[in-house]
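Asks: My questions will all concern the structure given below.
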Amino acid sequence: MPACPNGHQSADEEFCEVCGLAMTGAPPREPEPQPERPCPNCGAPVAERFCESCGHDSLAAPPPRAAVPQPPPSADDTGPATRTWTATVSADRAYYNSVMAVGGPDADGIEFPPFCPDRYFPLRAGQITVGRRSASRGINPDIDLTGPPEDPGVSHLHAVLLMGPDGGLSIVDLGSSNGTTVNSDQNPLRTNVPRALSNGDQVHLGAWTTITVRSDD
């Protein structure tokens, strides 16, 4: 079985099933070793801020204790407004063309899908993982881009959307092979560094996938 530049065994001859790196691509720079600790969510060993197995944010606040039952609010007590978000996943021809213009060792083998209807995901959880499902690694992202059609440039655990207590939304790249960009900025996001999002922002990943986030305010 062939091995990717990172040394992972993969049955896929184009992209590694473990890390998503192109089988003929150059290996990434080796990160500085960090002491590992168990993920508080799934128990897997983790050395960075975000767990590679489930995407859990180690800096997130622990779940609150069960609240003491309170009487129902009165008619005059409206309470704070709740902000809701929706993610729309699209096959983006303009983004695909920009990726092909830059080129790369595998660009010639990637074609824009002839048919790919938009997919809609309501964002309700505090952490919403984005990637491609992997049964061997036990990865089941909340926004699953496995397809069909499947964008081969998306890593199995590519990014995570974080919803703050104030209703704000941010995107974090989890060390994906091909990076994540936002709107027209061509510079990929720094790994494990949150980037705040606004209503209508477009997150680009893979070879042709764009995720447009919209809020109700």
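Residue names in the structure tokens use chain letters A, B, ... in the order shown, residue numbers from 1 in each chain, and ligand numbers from 1 in the order shown.
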Which polymer residues have any atom within 10 Å of an atom of Asp57 (chain A), counting only C-alpha atoms, with same-chain residues fewer than 6 positions away left out, as a PyMOL selection string?
Replies: chain A and resi 39-41+48-51+126-127+160+162+192
Asks: Residues near Val130 (chain A), anyone? I mean within 6 Å using only C-alpha atoms, not counting same-chain ones fewer than 3 positions away, as a list in words.
Replies: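 The residues that qualify are Pro141, Ile143, His158, Ala159 and Val160 of chain A.
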Asks: Excluding same-chain residues fewer than 2 positions from Ser53 (chain A), what lies within 8 Å of it counting only C-alpha atoms, as a list in words?
Replies: Cys42, Ala44, Cys51, Gly55, Arg137, Gly138, Ile139 and Leu157 of chain A
Asks: Between A:Tyr95, A:Phe121, A:Gly164, A:Ala3, single out the one closest to Cys19 (chain A), counting only C-alpha atoms.
Replies: A:Ala3
Asks: Determine, counting only C-alpha atoms, which protein, DNA and RNA residues have an atom within 8 Å of an atom of Ile211 (chain A); residues of the same chain fewer than 6 positions away are not included. Present the result as a list of chain:residue names.
Replies: A:Ala87, A:Thr88, A:Val89, A:Ser90, A:Gln202, A:Val203, A:His204
Asks: Can you pull out the residues contacting region 195-197 of chain A? Cut-off 10 Å, using only C-alpha atoms, and skip same-chain residues under 4 positions away; I want them as a VMD selection string.
Replies: chain A and resid 161 to 163 168 to 173 182 189 to 190 201 to 203 213 to 214
Asks: Can you write out the residues you just picked, keeping N, CA and C atoms, as an mmCIF file, in the first residue's frame?
Replies:
data_model
loop_
_atom_site.group_PDB
_atom_site.id
_atom_site.type_symbol
_atom_site.label_atom_id
_atom_site.label_comp_id
_atom_site.auth_asym_id
_atom_site.auth_seq_id
_atom_site.Cartn_x
_atom_site.Cartn_y
_atom_site.Cartn_z
ATOM 1 N N LEU A 161 -16.145 25.604 12.940
ATOM 2 C CA LEU A 161 -16.846 26.859 13.160
ATOM 3 C C LEU A 161 -17.167 26.964 14.645
ATOM 4 N N LEU A 162 -16.843 28.104 15.255
ATOM 5 C CA LEU A 162 -17.055 28.309 16.677
ATOM 6 C C LEU A 162 -18.112 29.388 16.889
ATOM 7 N N MET A 163 -19.123 29.071 17.696
ATOM 8 C CA MET A 163 -20.157 30.039 18.045
ATOM 9 C C MET A 163 -19.915 30.510 19.470
ATOM 10 N N GLY A 168 -21.646 35.415 18.211
ATOM 11 C CA GLY A 168 -20.685 35.621 17.134
ATOM 12 C C GLY A 168 -20.166 34.302 16.584
ATOM 13 N N LEU A 169 -19.692 34.325 15.340
ATOM 14 C CA LEU A 169 -19.206 33.122 14.662
ATOM 15 C C LEU A 169 -17.788 33.345 14.166
ATOM 16 N N SER A 170 -16.948 32.315 14.300
ATOM 17 C CA SER A 170 -15.577 32.381 13.792
ATOM 18 C C SER A 170 -15.218 31.046 13.164
ATOM 19 N N ILE A 171 -14.184 31.049 12.312
ATOM 20 C CA ILE A 171 -13.702 29.850 11.620
ATOM 21 C C ILE A 171 -12.261 29.607 12.037
ATOM 22 N N VAL A 172 -11.903 28.340 12.239
ATOM 23 C CA VAL A 172 -10.538 27.962 12.606
ATOM 24 C C VAL A 172 -10.087 26.843 11.665
ATOM 25 N N ASP A 173 -8.940 27.032 11.001
ATOM 26 C CA ASP A 173 -8.351 25.964 10.200
ATOM 27 C C ASP A 173 -7.597 25.027 11.136
ATOM 28 N N VAL A 182 -10.836 33.250 3.331
ATOM 29 C CA VAL A 182 -12.122 33.911 3.562
ATOM 30 C C VAL A 182 -12.271 35.076 2.586
ATOM 31 N N LEU A 189 -5.686 31.021 6.214
ATOM 32 C CA LEU A 189 -5.762 31.270 7.648
ATOM 33 C C LEU A 189 -4.630 30.557 8.372
ATOM 34 N N ARG A 190 -4.160 31.148 9.470
ATOM 35 C CA ARG A 190 -3.149 30.499 10.295
ATOM 36 C C ARG A 190 -3.792 29.338 11.048
ATOM 37 N N ASP A 201 -20.209 36.378 4.836
ATOM 38 C CA ASP A 201 -18.825 36.000 4.531
ATOM 39 C C ASP A 201 -18.783 34.640 3.835
ATOM 40 N N GLN A 202 -17.773 34.471 2.969
ATOM 41 C CA GLN A 202 -17.594 33.227 2.229
ATOM 42 C C GLN A 202 -16.270 32.578 2.631
ATOM 43 N N VAL A 203 -16.359 31.319 3.063
ATOM 44 C CA VAL A 203 -15.194 30.529 3.458
ATOM 45 C C VAL A 203 -14.875 29.571 2.314
ATOM 46 N N VAL A 213 -21.834 31.928 5.125
ATOM 47 C CA VAL A 213 -22.515 31.960 6.423
ATOM 48 C C VAL A 213 -23.425 33.189 6.475
ATOM 49 N N ARG A 214 -24.626 32.980 6.990
ATOM 50 C CA ARG A 214 -25.604 34.075 7.103
ATOM 51 C C ARG A 214 -26.266 34.009 8.466
#
Asks: Using only C-alpha atoms, can you tell me which of A:His56, A:Phe115, A:Leu21, A:Gly179 comes closest to Pro38 (chain A)?
Replies: A:His56
Asks: CA of Arg37 (chain A) and CA of Ser58 (chain A), how far apart in Å?
Replies: 10.1 Å
Asks: Quick one: everything within 12 Å of Val99 (chain A), counting only C-alpha atoms, minus sequence neighbours fewer than 5 positions away in the same chain. Send it as an MDAnalysis selection string.
Replies: chainID A and resid 92:94 104 106:108 110:112 153 178:181 186 204:209
Asks: Identify which of the residues A:Met100, A:Glu36, A:Cys16, A:Asn183 lies closest to Thr210 (chain A), counting only C-alpha atoms when measuring atom-to-atom distances.
Replies: A:Asn183
Asks: Run DSSP on the backbone and grab whatever in region 38-210 of chain A lands in strand (DSSP E); send it over as a ChimeraX atom specification.
Replies: /A:38,45-46,85-91,119-123,127-131,143-144,157-163,169-173,180-182,195-197,202-205,209-210
Asks: Residues as selected, N, CA and C atoms, written as a CSV table (one decimal), in the first residue's frame, can you do that?
Replies:
chain,number,residue,atom,x,y,z
A,38,PRO,N,-4.9,14.4,27.4
A,38,PRO,CA,-6.1,13.8,26.9
A,38,PRO,C,-7.2,14.9,26.5
A,45,PRO,N,-5.3,11.6,22.6
A,45,PRO,CA,-4.2,12.5,23.0
A,45,PRO,C,-4.2,13.7,22.1
A,46,VAL,N,-3.9,14.9,22.7
A,46,VAL,CA,-3.9,16.2,21.9
A,46,VAL,C,-2.8,17.0,22.4
A,85,TRP,N,-27.4,31.2,12.9
A,85,TRP,CA,-26.6,31.2,11.7
A,85,TRP,C,-27.0,30.0,10.8
A,86,THR,N,-26.8,30.2,9.5
A,86,THR,CA,-26.9,29.1,8.6
A,86,THR,C,-25.7,29.1,7.6
A,87,ALA,N,-25.3,27.9,7.3
A,87,ALA,CA,-24.1,27.7,6.4
A,87,ALA,C,-24.7,27.1,5.1
A,88,THR,N,-24.4,27.7,4.0
A,88,THR,CA,-24.7,27.2,2.6
A,88,THR,C,-23.5,26.7,1.9
A,89,VAL,N,-23.4,25.5,1.6
A,89,VAL,CA,-22.3,24.9,0.9
A,89,VAL,C,-22.5,24.8,-0.6
A,90,SER,N,-21.6,25.4,-1.4
A,90,SER,CA,-21.8,25.5,-2.8
A,90,SER,C,-20.6,25.1,-3.6
A,91,ALA,N,-20.8,24.6,-4.8
A,91,ALA,CA,-19.7,24.4,-5.8
A,91,ALA,C,-19.5,25.8,-6.5
A,119,ARG,N,-26.2,22.9,-0.4
A,119,ARG,CA,-26.6,22.2,0.8
A,119,ARG,C,-26.6,23.2,2.0
A,120,TYR,N,-27.6,23.0,2.8
A,120,TYR,CA,-27.8,24.0,3.9
A,120,TYR,C,-27.7,23.3,5.3
A,121,PHE,N,-27.0,24.0,6.2
A,121,PHE,CA,-26.7,23.5,7.5
A,121,PHE,C,-27.0,24.6,8.5
A,122,PRO,N,-28.0,24.3,9.4
A,122,PRO,CA,-28.2,25.3,10.5
A,122,PRO,C,-27.1,25.1,11.5
A,123,LEU,N,-26.6,26.2,12.0
A,123,LEU,CA,-25.5,26.2,13.0
A,123,LEU,C,-26.0,26.4,14.4
A,127,GLN,N,-19.6,24.2,18.6
A,127,GLN,CA,-18.5,23.8,17.7
A,127,GLN,C,-19.0,23.0,16.6
A,128,ILE,N,-18.8,23.4,15.4
A,128,ILE,CA,-19.3,22.7,14.2
A,128,ILE,C,-18.1,22.3,13.3
A,129,THR,N,-17.8,21.0,13.3
A,129,THR,CA,-16.6,20.6,12.5
A,129,THR,C,-16.9,20.5,11.0
A,130,VAL,N,-15.9,20.7,10.2
A,130,VAL,CA,-16.1,20.7,8.7
A,130,VAL,C,-15.0,19.8,8.2
A,131,GLY,N,-15.4,18.9,7.3
A,131,GLY,CA,-14.4,18.0,6.6
A,131,GLY,C,-15.1,16.9,5.9
A,143,ILE,N,-20.5,19.2,9.3
A,143,ILE,CA,-20.7,19.6,7.9
A,143,ILE,C,-19.8,18.6,7.1
A,144,ASP,N,-20.5,17.5,6.6
A,144,ASP,CA,-19.8,16.5,6.0
A,144,ASP,C,-19.7,16.7,4.5
A,157,LEU,N,-10.6,16.3,8.6
A,157,LEU,CA,-10.9,17.3,9.6
A,157,LEU,C,-10.3,18.6,9.3
A,158,HIS,N,-11.0,19.4,8.5
A,158,HIS,CA,-10.4,20.5,7.8
A,158,HIS,C,-10.5,21.8,8.7
A,159,ALA,N,-11.7,22.1,9.2
A,159,ALA,CA,-11.8,23.3,10.0
A,159,ALA,C,-13.0,23.1,11.0
A,160,VAL,N,-13.1,24.1,11.9
A,160,VAL,CA,-14.2,24.1,12.8
A,160,VAL,C,-14.8,25.5,12.9
A,161,LEU,N,-16.1,25.6,12.9
A,161,LEU,CA,-16.8,26.9,13.2
A,161,LEU,C,-17.2,27.0,14.6
A,162,LEU,N,-16.8,28.1,15.3
A,162,LEU,CA,-17.1,28.3,16.7
A,162,LEU,C,-18.1,29.4,16.9
A,163,MET,N,-19.1,29.1,17.7
A,163,MET,CA,-20.2,30.0,18.0
A,163,MET,C,-19.9,30.5,19.5
A,169,LEU,N,-19.7,34.3,15.3
A,169,LEU,CA,-19.2,33.1,14.7
A,169,LEU,C,-17.8,33.3,14.2
A,170,SER,N,-16.9,32.3,14.3
A,170,SER,CA,-15.6,32.4,13.8
A,170,SER,C,-15.2,31.0,13.2
A,171,ILE,N,-14.2,31.0,12.3
A,171,ILE,CA,-13.7,29.9,11.6
A,171,ILE,C,-12.3,29.6,12.0
A,172,VAL,N,-11.9,28.3,12.2
A,172,VAL,CA,-10.5,28.0,12.6
A,172,VAL,C,-10.1,26.8,11.7
A,173,ASP,N,-8.9,27.0,11.0
A,173,ASP,CA,-8.4,26.0,10.2
A,173,ASP,C,-7.6,25.0,11.1
A,180,THR,N,-7.4,27.2,4.2
A,180,THR,CA,-8.7,27.8,4.2
A,180,THR,C,-8.6,29.3,4.0
A,181,THR,N,-9.4,29.9,3.1
A,181,THR,CA,-9.4,31.4,2.9
A,181,THR,C,-10.8,31.9,3.1
A,182,VAL,N,-10.8,33.2,3.3
A,182,VAL,CA,-12.1,33.9,3.6
A,182,VAL,C,-12.3,35.1,2.6
A,195,ARG,N,-10.8,33.1,13.2
A,195,ARG,CA,-11.0,34.3,12.4
A,195,ARG,C,-12.5,34.6,12.4
A,196,ALA,N,-12.8,35.8,13.0
A,196,ALA,CA,-14.2,36.2,13.1
A,196,ALA,C,-14.9,36.3,11.8
A,197,LEU,N,-16.2,35.9,11.7
A,197,LEU,CA,-16.9,36.0,10.5
A,197,LEU,C,-18.1,36.9,10.6
A,202,GLN,N,-17.8,34.5,3.0
A,202,GLN,CA,-17.6,33.2,2.2
A,202,GLN,C,-16.3,32.6,2.6
A,203,VAL,N,-16.4,31.3,3.1
A,203,VAL,CA,-15.2,30.5,3.5
A,203,VAL,C,-14.9,29.6,2.3
A,204,HIS,N,-13.6,29.6,1.8
A,204,HIS,CA,-13.2,28.8,0.7
A,204,HIS,C,-12.3,27.7,1.1
A,205,LEU,N,-12.5,26.5,0.7
A,205,LEU,CA,-11.7,25.4,1.0
A,205,LEU,C,-11.7,24.3,-0.1
A,209,THR,N,-15.0,24.3,-3.2
A,209,THR,CA,-16.1,24.4,-2.1
A,209,THR,C,-16.1,25.8,-1.5
A,210,THR,N,-17.2,26.4,-1.4
A,210,THR,CA,-17.4,27.7,-0.7
A,210,THR,C,-18.6,27.5,0.3
Asks: Running DSSP on the backbone, which parts of region 76-217 of chain A land in alpha helix (DSSP H), as a list of chain:residue names?
Replies: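 Everything in region 76-217 of chain A that counts as alpha helix (DSSP H) is A:Arg93, A:Ala94, A:Tyr95, A:Tyr96, A:Asn97, A:Ser98, A:Val99, A:Met100, A:Ala101, A:Val102.
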Asks: Any chance you could export the current selection's C-alpha atoms as an mmCIF file, in the first residue's frame?
Replies:
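Resulting contents of again_0.cif:
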data_model
loop_
_atom_site.group_PDB
_atom_site.id
_atom_site.type_symbol
_atom_site.label_atom_id
_atom_site.label_comp_id
_atom_site.auth_asym_id
_atom_site.auth_seq_id
_atom_site.Cartn_x
_atom_site.Cartn_y
_atom_site.Cartn_z
ATOM 1 C CA ARG A 93 -16.887 28.074 -10.257
ATOM 2 C CA ALA A 94 -15.083 31.388 -9.667
ATOM 3 C CA TYR A 95 -13.143 29.949 -6.716
ATOM 4 C CA TYR A 96 -12.322 26.807 -8.734
ATOM 5 C CA ASN A 97 -10.954 28.968 -11.559
ATOM 6 C CA SER A 98 -8.722 30.859 -9.116
ATOM 7 C CA VAL A 99 -7.382 27.573 -7.715
ATOM 8 C CA MET A 100 -6.666 26.244 -11.212
ATOM 9 C CA ALA A 101 -4.920 29.516 -12.152
ATOM 10 C CA VAL A 102 -2.451 29.019 -9.312
#
Asks: In Å, with one decimal, what is the gap from CA of Arg133 (chain A) to CA of His156 (chain A)?
Replies: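 Calculated distance between CA of Arg133 (chain A) and CA of His156 (chain A) is 6.1 Å.
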Asks: For a quick check of understanding, using only C-alpha atoms, which of A:Asp166, A:Glu13, A:Ala125, A:Thr212 has the smallest distance to Arg83 (chain A)?
Replies: A:Asp166
